[in-house]
file target_32.txt (compact mmCIF, C-alpha atoms)
# COMPACT_ATOMS: atom_id res chain seq x y z
CA MET A 1 -9.03 90.06 -11.15
CA ASN A 2 -11.72 92.57 -12.16
CA ILE A 3 -15.25 91.47 -13.03
CA SER A 4 -14.84 91.82 -16.80
CA ALA A 5 -11.68 89.69 -16.77
CA PHE A 6 -13.52 87.08 -14.70
CA PHE A 7 -16.38 86.82 -17.19
CA ARG A 8 -13.95 86.59 -20.10
CA LEU A 9 -12.83 83.26 -18.65
CA PHE A 10 -16.29 81.88 -19.43
CA GLN A 11 -16.62 83.22 -22.95
CA PRO A 12 -16.86 80.48 -25.60
CA LYS A 13 -13.51 79.56 -27.12
CA ASP A 14 -14.97 77.54 -30.00
CA LYS A 15 -13.11 79.50 -32.64
CA VAL A 16 -9.75 78.74 -31.06
CA PHE A 17 -10.30 74.99 -31.13
CA TYR A 18 -12.00 74.88 -34.53
CA THR A 19 -9.19 76.95 -36.03
CA LEU A 20 -6.51 74.67 -34.58
CA PHE A 21 -8.28 71.54 -35.81
CA GLU A 22 -8.57 73.12 -39.26
CA LYS A 23 -4.82 73.81 -39.22
CA VAL A 24 -4.23 70.14 -38.42
CA ALA A 25 -6.50 69.15 -41.32
CA ASP A 26 -4.63 71.50 -43.67
CA ASN A 27 -1.30 70.03 -42.59
CA LEU A 28 -2.52 66.46 -43.05
CA THR A 29 -3.89 67.14 -46.54
CA ALA A 30 -0.61 68.73 -47.61
CA MET A 31 1.26 65.78 -46.10
CA SER A 32 -0.88 63.14 -47.83
CA ALA A 33 -0.72 65.00 -51.17
CA ASP A 34 3.08 65.11 -51.03
CA MET A 35 3.13 61.46 -49.98
CA LEU A 36 1.08 60.62 -53.08
CA ASP A 37 3.49 62.54 -55.31
CA GLY A 38 6.47 60.84 -53.72
CA MET A 39 5.06 57.36 -54.04
CA LYS A 40 4.54 57.58 -57.79
CA SER A 41 7.94 56.14 -58.64
CA PRO A 42 10.91 54.69 -56.74
CA GLU A 43 13.13 57.53 -57.95
CA VAL A 44 11.10 60.09 -56.02
CA ILE A 45 11.39 58.33 -52.65
CA THR A 46 14.56 60.21 -51.73
CA ASP A 47 16.06 61.58 -48.51
CA SER A 48 14.61 65.01 -49.30
CA PHE A 49 11.15 63.46 -49.74
CA TYR A 50 11.54 61.67 -46.40
CA LYS A 51 12.59 64.95 -44.72
CA LYS A 52 9.56 66.76 -46.14
CA ILE A 53 7.21 64.13 -44.68
CA ALA A 54 9.08 64.26 -41.35
CA ASP A 55 8.61 68.05 -41.27
CA TYR A 56 4.85 67.63 -41.66
CA GLU A 57 4.84 65.16 -38.78
CA HIS A 58 6.70 67.64 -36.57
CA ILE A 59 4.21 70.39 -37.46
CA ASN A 60 1.36 68.07 -36.51
CA ASP A 61 3.00 67.35 -33.15
CA LYS A 62 3.26 71.10 -32.50
CA LEU A 63 -0.40 71.68 -33.39
CA ALA A 64 -1.46 68.80 -31.13
CA HIS A 65 0.55 70.38 -28.32
CA ASP A 66 -1.13 73.74 -28.96
CA ILE A 67 -4.58 72.14 -28.67
CA PHE A 68 -3.67 70.45 -25.39
CA MET A 69 -2.35 73.80 -24.11
CA GLU A 70 -5.66 75.46 -25.01
CA LEU A 71 -7.49 72.75 -23.07
CA GLY A 72 -5.48 73.75 -20.02
CA LYS A 73 -6.25 77.46 -20.44
CA ASN A 74 -9.96 77.44 -21.27
CA PHE A 75 -12.98 76.49 -19.18
CA ILE A 76 -15.35 76.57 -22.15
CA THR A 77 -14.77 74.19 -25.07
CA PRO A 78 -16.93 73.46 -28.15
CA PHE A 79 -17.43 69.87 -26.95
CA ASP A 80 -16.19 67.64 -24.13
CA ARG A 81 -12.48 67.72 -23.32
CA GLU A 82 -12.35 63.95 -23.69
CA ASP A 83 -13.73 64.23 -27.22
CA ILE A 84 -11.18 66.90 -28.09
CA GLN A 85 -8.38 64.71 -26.73
CA GLN A 86 -9.60 61.69 -28.70
CA LEU A 87 -9.94 63.66 -31.91
CA ILE A 88 -6.49 65.23 -31.75
CA ALA A 89 -4.95 61.87 -30.80
CA SER A 90 -6.57 60.17 -33.80
CA LEU A 91 -5.46 62.96 -36.15
CA ASP A 92 -1.94 62.79 -34.76
CA ASP A 93 -1.91 59.03 -35.40
CA ILE A 94 -2.60 59.67 -39.09
CA ALA A 95 0.50 61.85 -39.37
CA ASP A 96 2.56 59.33 -37.38
CA PHE A 97 1.64 56.40 -39.62
CA ILE A 98 2.13 58.33 -42.88
CA TYR A 99 5.56 59.27 -41.57
CA ALA A 100 6.29 55.68 -40.51
CA SER A 101 5.33 54.35 -43.95
CA VAL A 102 7.81 56.65 -45.69
CA LYS A 103 10.42 56.22 -42.97
CA TYR A 104 10.58 52.45 -43.32
CA ILE A 105 10.62 52.53 -47.10
CA ARG A 106 13.79 54.63 -46.79
CA LEU A 107 15.23 52.86 -43.74
CA TYR A 108 14.79 49.37 -45.20
CA ASN A 109 15.93 50.45 -48.66
CA SER A 110 12.76 48.62 -49.61
CA PRO A 111 11.87 47.26 -53.03
CA TYR A 112 9.21 49.35 -54.75
CA LEU A 113 5.69 47.99 -55.20
CA PRO A 114 3.28 49.34 -57.86
CA SER A 115 0.63 49.32 -55.12
CA PHE A 116 2.44 52.03 -53.11
CA PRO A 117 0.84 54.90 -55.09
CA VAL A 118 -2.51 53.08 -55.00
CA PHE A 119 -2.40 53.04 -51.20
CA ALA A 120 -1.21 56.66 -51.19
CA ASN A 121 -4.10 57.71 -53.44
CA HIS A 122 -6.67 56.10 -51.12
CA ILE A 123 -4.98 57.66 -48.10
CA ASN A 124 -5.09 61.08 -49.74
CA ASP A 125 -8.79 60.62 -50.53
CA CYS A 126 -9.46 59.71 -46.88
CA VAL A 127 -7.57 62.73 -45.59
CA VAL A 128 -9.34 65.09 -48.01
CA GLU A 129 -12.71 63.81 -46.75
CA LEU A 130 -11.50 64.22 -43.18
CA LYS A 131 -10.58 67.82 -43.91
CA LYS A 132 -14.08 68.42 -45.30
CA ALA A 133 -15.60 66.91 -42.16
CA ILE A 134 -13.47 69.03 -39.84
CA TYR A 135 -14.24 72.27 -41.69
CA ASN A 136 -17.95 71.42 -41.69
CA MET A 137 -17.85 70.74 -37.95
CA ARG A 138 -17.51 74.44 -37.11
CA ASP A 139 -20.47 75.39 -34.91
CA LEU A 140 -21.94 71.93 -35.74
CA LYS A 141 -24.15 73.45 -38.44
CA ASN A 142 -23.33 71.28 -41.46
CA THR A 143 -23.94 67.89 -39.90
CA LYS A 144 -25.10 66.17 -43.09
CA GLU A 145 -21.92 67.12 -44.92
CA VAL A 146 -19.85 65.92 -41.95
CA LEU A 147 -21.63 62.57 -41.89
CA ASP A 148 -21.32 62.18 -45.66
CA SER A 149 -17.55 62.56 -45.36
CA CYS A 150 -17.41 60.06 -42.49
CA VAL A 151 -19.36 57.51 -44.54
CA GLU A 152 -16.99 58.01 -47.48
CA ILE A 153 -13.96 57.51 -45.22
CA ASN A 154 -15.44 54.24 -43.98
CA ARG A 155 -16.02 53.14 -47.59
CA ILE A 156 -12.44 53.95 -48.60
CA GLU A 157 -11.10 52.13 -45.54
CA ASN A 158 -12.91 48.98 -46.68
CA VAL A 159 -11.34 49.34 -50.14
CA VAL A 160 -7.89 49.66 -48.53
CA ASP A 161 -8.53 46.58 -46.40
CA ASP A 162 -9.24 44.56 -49.56
CA LEU A 163 -6.18 46.03 -51.29
CA PHE A 164 -4.00 45.12 -48.31
CA SER A 165 -5.31 41.53 -48.22
CA ASN A 166 -4.70 41.07 -51.95
CA GLU A 167 -1.22 42.61 -51.81
CA LEU A 168 -0.25 40.48 -48.84
CA ALA A 169 -1.45 37.30 -50.55
CA ALA A 170 0.48 38.21 -53.71
CA LEU A 171 3.57 38.99 -51.66
CA PHE A 172 3.56 35.57 -49.99
CA GLU A 173 3.05 33.88 -53.35
CA SER A 174 5.93 35.79 -54.92
CA LYS A 175 9.45 34.49 -55.46
CA ARG A 176 10.99 37.39 -53.57
CA ASP A 177 13.76 37.03 -51.03
CA VAL A 178 12.41 36.29 -47.54
CA ILE A 179 13.98 39.47 -46.11
CA ASP A 180 12.30 41.57 -48.81
CA ILE A 181 8.96 39.91 -48.02
CA ILE A 182 9.36 40.83 -44.34
CA LYS A 183 10.25 44.43 -45.24
CA LEU A 184 7.35 44.84 -47.63
CA LYS A 185 4.85 43.20 -45.28
CA ASN A 186 5.80 45.70 -42.57
CA ILE A 187 5.42 48.66 -44.94
CA LEU A 188 2.07 47.43 -46.27
CA GLU A 189 0.83 47.15 -42.70
CA TYR A 190 1.80 50.77 -42.01
CA LEU A 191 0.05 51.94 -45.18
CA GLU A 192 -3.10 50.01 -44.28
CA ASP A 193 -2.94 51.42 -40.74
CA VAL A 194 -3.18 54.99 -42.07
CA SER A 195 -6.66 54.33 -43.44
CA ASP A 196 -7.59 52.69 -40.12
CA LYS A 197 -6.52 55.84 -38.29
CA CYS A 198 -8.59 57.96 -40.68
CA GLU A 199 -11.59 55.78 -39.88
CA ASP A 200 -10.85 56.16 -36.15
CA ALA A 201 -10.93 59.95 -36.54
CA ALA A 202 -14.19 59.73 -38.51
CA ASN A 203 -15.70 57.59 -35.74
CA VAL A 204 -14.74 60.18 -33.12
CA ILE A 205 -16.34 62.90 -35.22
CA GLU A 206 -19.53 60.86 -35.61
CA SER A 207 -19.72 60.32 -31.85
CA ILE A 208 -19.35 64.08 -31.31
CA LEU A 209 -22.26 64.71 -33.69
CA VAL A 210 -24.43 62.20 -31.84
CA LYS A 211 -23.79 64.05 -28.58
CA TYR A 212 -24.05 67.66 -29.71
CA ALA A 213 -25.66 68.09 -33.13
call {"tool": "encode", "arguments": {"input": "target_32.txt", "output": "structure tokens"}}
result
Amino acid sequence: MNISAFFRLFQPKDKVFYTLFEKVADNLTAMSADMLDGMKSPEVITDSFYKKIADYEHINDKLAHDIFMELGKNFITPFDREDIQQLIASLDDIADFIYASVKYIRLYNSPYLPSFPVFANHINDCVVELKKAIYNMRDLKNTKEVLDSCVEINRIENVVDDLFSNELAALFESKRDVIDIIKLKNILEYLEDVSDKCEDAANVIESILVKYA
């Protein structure tokens, strides 16, 4: 290895990681927007809608793999490897739980709840704020904007918690068939979990700012 190639190993690779995280954010926002469209009525929750959401989840898995591969190739990273691993894991969880929500609605042939699009709207709002935070993380220059988005995600997560509690209480008070109640409870839990995963990602981002900004 010549001397110039050796020094190239130690050149900052920030742009590689930031770009990959931004691609993940783009994929998640497209996924959550299509989820919102598909949740607007029971007629739209079709096999083709399910496949579209599954495709987004597969893309997210590929991007997560690409980030882990970059970790193996590069000595220099924009922040600690552990932080990068935690951030990509939390972002991947968001895609997994959006996918699971749609998957079980289809798999269970679940009854439709008017709250489905309400959950989806809050999820989309969370993911949009997460995308803003990730884009503003580049070079850790726009820390106020990043923190503002993290605070908004935490606020939305609290709203979703209240929505989940109210929907669960109403479900148990309903005259629905017991099997339908079990199905819907499971789906509501997955929908609520998506906002939790968004908050987890926001918490990782906040901890990165505390260390490096």
call {"tool": "closest_residue", "arguments": {"input": "target_32.txt", "among": "A:Ala30, A:Val204, A:Leu71, A:Cys198", "to": "Ile59 of chain A", "atoms": "only C-alpha atoms"}}
result
A:Ala30
call {"tool": "closest_residue", "arguments": {"input": "target_32.txt", "among": "A:Met35, A:Leu107, A:Ala100, A:Ala25", "to": "Asp47 of chain A", "atoms": "all atoms listed in the file"}}
result
A:Leu107
call {"tool": "residues_around", "arguments": {"input": "target_32.txt", "residues": "Cys126 of chain A", "least_positions_apart": "2", "cutoff": "8 Å", "atoms": "all atoms listed in the file", "output": "mmCIF file with C-alpha atoms, in the frame of the given file"}}
result
data_model
loop_
_atom_site.group_PDB
_atom_site.id
_atom_site.type_symbol
_atom_site.label_atom_id
_atom_site.label_comp_id
_atom_site.auth_asym_id
_atom_site.auth_seq_id
_atom_site.Cartn_x
_atom_site.Cartn_y
_atom_site.Cartn_z
ATOM 1 C CA HIS A 122 -6.670 56.100 -51.120
ATOM 2 C CA ILE A 123 -4.980 57.660 -48.100
ATOM 3 C CA ASN A 124 -5.090 61.080 -49.740
ATOM 4 C CA VAL A 128 -9.340 65.090 -48.010
ATOM 5 C CA GLU A 129 -12.710 63.810 -46.750
ATOM 6 C CA LEU A 130 -11.500 64.220 -43.180
ATOM 7 C CA GLU A 152 -16.990 58.010 -47.480
ATOM 8 C CA ILE A 153 -13.960 57.510 -45.220
ATOM 9 C CA ILE A 156 -12.440 53.950 -48.600
ATOM 10 C CA GLU A 157 -11.100 52.130 -45.540
ATOM 11 C CA SER A 195 -6.660 54.330 -43.440
ATOM 12 C CA CYS A 198 -8.590 57.960 -40.680
#
call {"tool": "closest_residue", "arguments": {"input": "target_32.txt", "among": "A:Ala95, A:Glu199, A:Leu20, A:Val194", "to": "Arg155 of chain A", "atoms": "all atoms listed in the file"}}
result
A:Glu199
call {"tool": "residues_around", "arguments": {"input": "target_32.txt", "residues": "Lys183 of chain A", "least_positions_apart": "2", "cutoff": "9 Å", "atoms": "only C-alpha atoms", "output": "PyMOL selection string"}}
result
chain A and resi 104-105+108-111+178-181+185-188
call {"tool": "residues_around", "arguments": {"input": "target_32.txt", "residues": "Met69 of chain A", "least_positions_apart": "4", "cutoff": "12 Å", "atoms": "all atoms listed in the file", "output": "list of chain:residue names"}}
result
A:Val16, A:Phe17, A:Leu20, A:Lys62, A:Leu63, A:Ala64, A:His65, A:Lys73, A:Asn74, A:Arg81, A:Ile84, A:Gln85
call {"tool": "residues_around", "arguments": {"input": "target_32.txt", "residues": "Ile53 of chain A", "least_positions_apart": "6", "cutoff": "12 Å", "atoms": "only C-alpha atoms", "output": "ChimeraX atom specification"}}
result
/A:27-39,45-47,59-60,95-103,106
call {"tool": "atom_distance", "arguments": {"input": "target_32.txt", "atom1": "atom CA of Lys40 of chain A", "atom2": "atom CA of Ile182 of chain A"}}
result
22.0 Å
call {"tool": "residues_around", "arguments": {"input": "target_32.txt", "residues": "segment 138-140 of chain A", "least_positions_apart": "6", "cutoff": "12 Å", "atoms": "only C-alpha atoms", "output": "PyMOL selection string"}}
result
chain A and resi 12-22+77-79+131-132+146-147+205-206+208-213
call {"tool": "atom_distance", "arguments": {"input": "target_32.txt", "atom1": "atom CA of Ser90 of chain A", "atom2": "atom CA of Ala201 of chain A"}}
result
5.2 Å
call {"tool": "atom_distance", "arguments": {"input": "target_32.txt", "atom1": "atom CA of Leu184 of chain A", "atom2": "atom CA of Leu171 of chain A"}}
result
8.0 Å
call {"tool": "axis_aligned_box", "arguments": {"input": "target_32.txt", "around": "segment 40-54 of chain A", "padding_each_side": "8 Å", "output": "JSON"}}
result
{"center_x": 10.3, "center_y": 60.7, "center_z": -50.0, "size_x": 27.5, "size_y": 28.1, "size_z": 33.3}
call {"tool": "closest_atom_pairs", "arguments": {"input": "target_32.txt", "of": "segment 23-118 of chain A", "to": "segment 161-167 of chain A", "cutoff": "10 Å", "atoms": "only C-alpha atoms", "output": "JSON lines"}}
result
{"residue": "A:Leu113", "atom": "CA", "partner": "A:Glu167", "partner_atom": "CA", "distance": 9.4}
{"residue": "A:Ser115", "atom": "CA", "partner": "A:Glu167", "partner_atom": "CA", "distance": 7.7}
{"residue": "A:Val118", "atom": "CA", "partner": "A:Leu163", "partner_atom": "CA", "distance": 8.8}
call {"tool": "closest_residue", "arguments": {"input": "target_32.txt", "among": "A:Val127, A:Glu82, A:Gly72, A:Asp92", "to": "His58 of chain A", "atoms": "all atoms listed in the file"}}
result
A:Asp92
